[in-house]
Amino acid sequence: MPTMLTLADKLGDLEGIAGVDITLFEIDNKVENIKITLEGNDIDYQEVAEVIQDSGGSIHSIDKVSTGRQLIDEAETPQDAGARWMR
């Protein structure tokens with residue numbers, strides 16, 4: 001199993017990725033839960049998934065995607081207030 005640094009380097013070397021951020025959230029005896037944030041103009045999901053899987057990981061979910069000619073900041077909505085109890 002590669003380190004987070006190695007995984008970040010491998011992801012950062014992919015065409016279309018301008019930046020990589022990896023945060024460790026939880027460790028137990030067998031599993032490390034990490035959050036990966038990628039930025040770039042032309043990210044290829046299949047290439048990203050392949051790097052993660054080849055590194056022994058799996059993708060649990062994609063929680064946010066931003067696209068368009070101009071990126072906008074996320075705005076708080078009434079649904080966000082209802083989800084606060086989960087945090």
# chains A, B, ... in the order shown; residues from 1 in each chain; ligands from 1

$ select_by_dssp --residues "stretch 31-74 of chain A" --states "strand (DSSP E)" --output "PyMOL selection string"
chain A and resi 32-39

$ residues_around --residues "stretch 41-44 of chain A" --least-positions-apart "2" --cutoff "9 Å" --atoms "only C-alpha atoms" --output "JSON, numbers by chain"
{"A": [14, 15, 16, 17, 18, 38, 39, 46, 47, 48, 49]}

$ select_by_dssp --residues "stretch 5-87 of chain A" --states "alpha helix (DSSP H)" --output "ChimeraX atom specification"
/A:5-12,45-54,78-83

$ write_last_selection --atoms "N, CA and C atoms" --output "tab-separated table (two decimals), in the first residue's frame"
chain	number	residue	atom	x	y	z
A	5	LEU	N	1.60	10.40	0.20
A	5	LEU	CA	2.49	11.20	-0.65
A	5	LEU	C	2.66	10.57	-2.03
A	6	THR	N	2.85	9.26	-2.05
A	6	THR	CA	3.00	8.55	-3.32
A	6	THR	C	1.72	8.63	-4.14
A	7	LEU	N	0.59	8.42	-3.50
A	7	LEU	CA	-0.70	8.51	-4.19
A	7	LEU	C	-0.91	9.91	-4.74
A	8	ALA	N	-0.61	10.93	-3.95
A	8	ALA	CA	-0.76	12.32	-4.41
A	8	ALA	C	0.13	12.59	-5.62
A	9	ASP	N	1.37	12.09	-5.59
A	9	ASP	CA	2.28	12.27	-6.72
A	9	ASP	C	1.74	11.59	-7.97
A	10	LYS	N	1.25	10.36	-7.83
A	10	LYS	CA	0.71	9.63	-8.98
A	10	LYS	C	-0.49	10.34	-9.58
A	11	LEU	N	-1.39	10.83	-8.73
A	11	LEU	CA	-2.56	11.56	-9.22
A	11	LEU	C	-2.14	12.87	-9.86
A	12	GLY	N	-1.19	13.57	-9.24
A	12	GLY	CA	-0.72	14.85	-9.77
A	12	GLY	C	-0.01	14.73	-11.10
A	45	TYR	N	-11.85	10.76	-15.24
A	45	TYR	CA	-12.28	9.93	-14.11
A	45	TYR	C	-11.69	8.54	-14.18
A	46	GLN	N	-11.68	7.93	-15.36
A	46	GLN	CA	-11.18	6.57	-15.49
A	46	GLN	C	-9.71	6.47	-15.11
A	47	GLU	N	-8.90	7.46	-15.49
A	47	GLU	CA	-7.48	7.46	-15.13
A	47	GLU	C	-7.31	7.62	-13.62
A	48	VAL	N	-8.10	8.49	-13.02
A	48	VAL	CA	-8.05	8.70	-11.57
A	48	VAL	C	-8.44	7.41	-10.85
A	49	ALA	N	-9.53	6.80	-11.28
A	49	ALA	CA	-9.99	5.56	-10.65
A	49	ALA	C	-8.95	4.46	-10.78
A	50	GLU	N	-8.29	4.38	-11.91
A	50	GLU	CA	-7.26	3.36	-12.13
A	50	GLU	C	-6.08	3.56	-11.17
A	51	VAL	N	-5.63	4.79	-10.99
A	51	VAL	CA	-4.52	5.07	-10.07
A	51	VAL	C	-4.92	4.68	-8.65
A	52	ILE	N	-6.13	5.04	-8.24
A	52	ILE	CA	-6.59	4.72	-6.88
A	52	ILE	C	-6.70	3.20	-6.70
A	53	GLN	N	-7.28	2.52	-7.67
A	53	GLN	CA	-7.45	1.07	-7.57
A	53	GLN	C	-6.10	0.35	-7.63
A	54	ASP	N	-5.20	0.81	-8.48
A	54	ASP	CA	-3.87	0.20	-8.56
A	54	ASP	C	-3.08	0.41	-7.28
A	78	PRO	N	-31.44	25.58	2.55
A	78	PRO	CA	-32.20	24.97	3.65
A	78	PRO	C	-31.86	23.49	3.87
A	79	GLN	N	-31.51	22.79	2.80
A	79	GLN	CA	-31.15	21.37	2.95
A	79	GLN	C	-29.88	21.21	3.79
A	80	ASP	N	-28.96	22.18	3.72
A	80	ASP	CA	-27.73	22.10	4.50
A	80	ASP	C	-28.02	22.14	5.99
A	81	ALA	N	-28.98	22.93	6.40
A	81	ALA	CA	-29.32	23.04	7.82
A	81	ALA	C	-29.83	21.70	8.34
A	82	GLY	N	-30.59	20.98	7.54
A	82	GLY	CA	-31.09	19.68	7.94
A	82	GLY	C	-30.02	18.62	8.03
A	83	ALA	N	-28.93	18.80	7.30
A	83	ALA	CA	-27.86	17.82	7.29
A	83	ALA	C	-26.84	18.07	8.40

$ atom_distance --atom1 "atom CA of A:Ile34" --atom2 "atom CA of A:Thr3"
11.4 Å

$ atom_distance --atom1 "atom CA of A:Pro2" --atom2 "atom CA of A:Lys64"
25.4 Å

$ closest_residue --among "A:Asn33, A:Asp73, A:Gly40, A:Val20" --to "A:Ser61" --atoms "only C-alpha atoms"
A:Asn33

$ atom_distance --atom1 "atom CA of A:Val65" --atom2 "atom CA of A:Thr23"
17.8 Å

$ closest_residue --among "A:Ile22, A:Asp63, A:Gly56, A:Thr77" --to "A:Lys35" --atoms "only C-alpha atoms"
A:Ile22

$ decode --residues "stretch 13-54 of chain A" --atoms "C-alpha atoms" --output "PDB file, in the first residue's frame"
ATOM      1  CA  ASP A  13       1.197  13.318 -12.675  1.00  0.00           C
ATOM      2  CA  LEU A  14      -2.034  12.619 -14.586  1.00  0.00           C
ATOM      3  CA  GLU A  15      -2.788  14.826 -17.569  1.00  0.00           C
ATOM      4  CA  GLY A  16      -5.386  17.498 -16.771  1.00  0.00           C
ATOM      5  CA  ILE A  17      -4.804  17.594 -13.008  1.00  0.00           C
ATOM      6  CA  ALA A  18      -3.435  20.876 -11.683  1.00  0.00           C
ATOM      7  CA  GLY A  19      -3.619  20.143  -7.956  1.00  0.00           C
ATOM      8  CA  VAL A  20      -4.156  17.322  -5.461  1.00  0.00           C
ATOM      9  CA  ASP A  21      -5.125  17.487  -1.790  1.00  0.00           C
ATOM     10  CA  ILE A  22      -5.404  14.345   0.357  1.00  0.00           C
ATOM     11  CA  THR A  23      -6.704  14.360   3.934  1.00  0.00           C
ATOM     12  CA  LEU A  24      -6.655  11.358   6.266  1.00  0.00           C
ATOM     13  CA  PHE A  25      -9.955  11.068   8.136  1.00  0.00           C
ATOM     14  CA  GLU A  26      -9.851   7.728   9.902  1.00  0.00           C
ATOM     15  CA  ILE A  27      -7.534   4.775  10.499  1.00  0.00           C
ATOM     16  CA  ASP A  28      -8.434   1.385  11.889  1.00  0.00           C
ATOM     17  CA  ASN A  29      -6.653  -1.972  11.781  1.00  0.00           C
ATOM     18  CA  LYS A  30      -7.242  -2.589   8.081  1.00  0.00           C
ATOM     19  CA  VAL A  31      -8.592   0.583   6.471  1.00  0.00           C
ATOM     20  CA  GLU A  32      -7.521   4.193   5.991  1.00  0.00           C
ATOM     21  CA  ASN A  33     -10.320   6.583   5.004  1.00  0.00           C
ATOM     22  CA  ILE A  34      -9.038   9.537   3.015  1.00  0.00           C
ATOM     23  CA  LYS A  35     -10.621  12.443   1.183  1.00  0.00           C
ATOM     24  CA  ILE A  36      -9.067  13.329  -2.171  1.00  0.00           C
ATOM     25  CA  THR A  37      -9.716  16.708  -3.750  1.00  0.00           C
ATOM     26  CA  LEU A  38      -8.574  17.220  -7.344  1.00  0.00           C
ATOM     27  CA  GLU A  39      -8.500  20.389  -9.409  1.00  0.00           C
ATOM     28  CA  GLY A  40      -7.863  20.684 -13.111  1.00  0.00           C
ATOM     29  CA  ASN A  41      -9.297  21.609 -16.478  1.00  0.00           C
ATOM     30  CA  ASP A  42      -9.705  18.138 -17.972  1.00  0.00           C
ATOM     31  CA  ILE A  43      -9.750  15.414 -15.299  1.00  0.00           C
ATOM     32  CA  ASP A  44     -10.243  11.903 -16.667  1.00  0.00           C
ATOM     33  CA  TYR A  45     -12.277   9.933 -14.106  1.00  0.00           C
ATOM     34  CA  GLN A  46     -11.181   6.569 -15.495  1.00  0.00           C
ATOM     35  CA  GLU A  47      -7.485   7.459 -15.129  1.00  0.00           C
ATOM     36  CA  VAL A  48      -8.045   8.702 -11.571  1.00  0.00           C
ATOM     37  CA  ALA A  49      -9.994   5.558 -10.655  1.00  0.00           C
ATOM     38  CA  GLU A  50      -7.260   3.364 -12.126  1.00  0.00           C
ATOM     39  CA  VAL A  51      -4.525   5.068 -10.067  1.00  0.00           C
ATOM     40  CA  ILE A  52      -6.591   4.723  -6.883  1.00  0.00           C
ATOM     41  CA  GLN A  53      -7.446   1.073  -7.567  1.00  0.00           C
ATOM     42  CA  ASP A  54      -3.866   0.204  -8.565  1.00  0.00           C
TER      43      ASP A  54
END
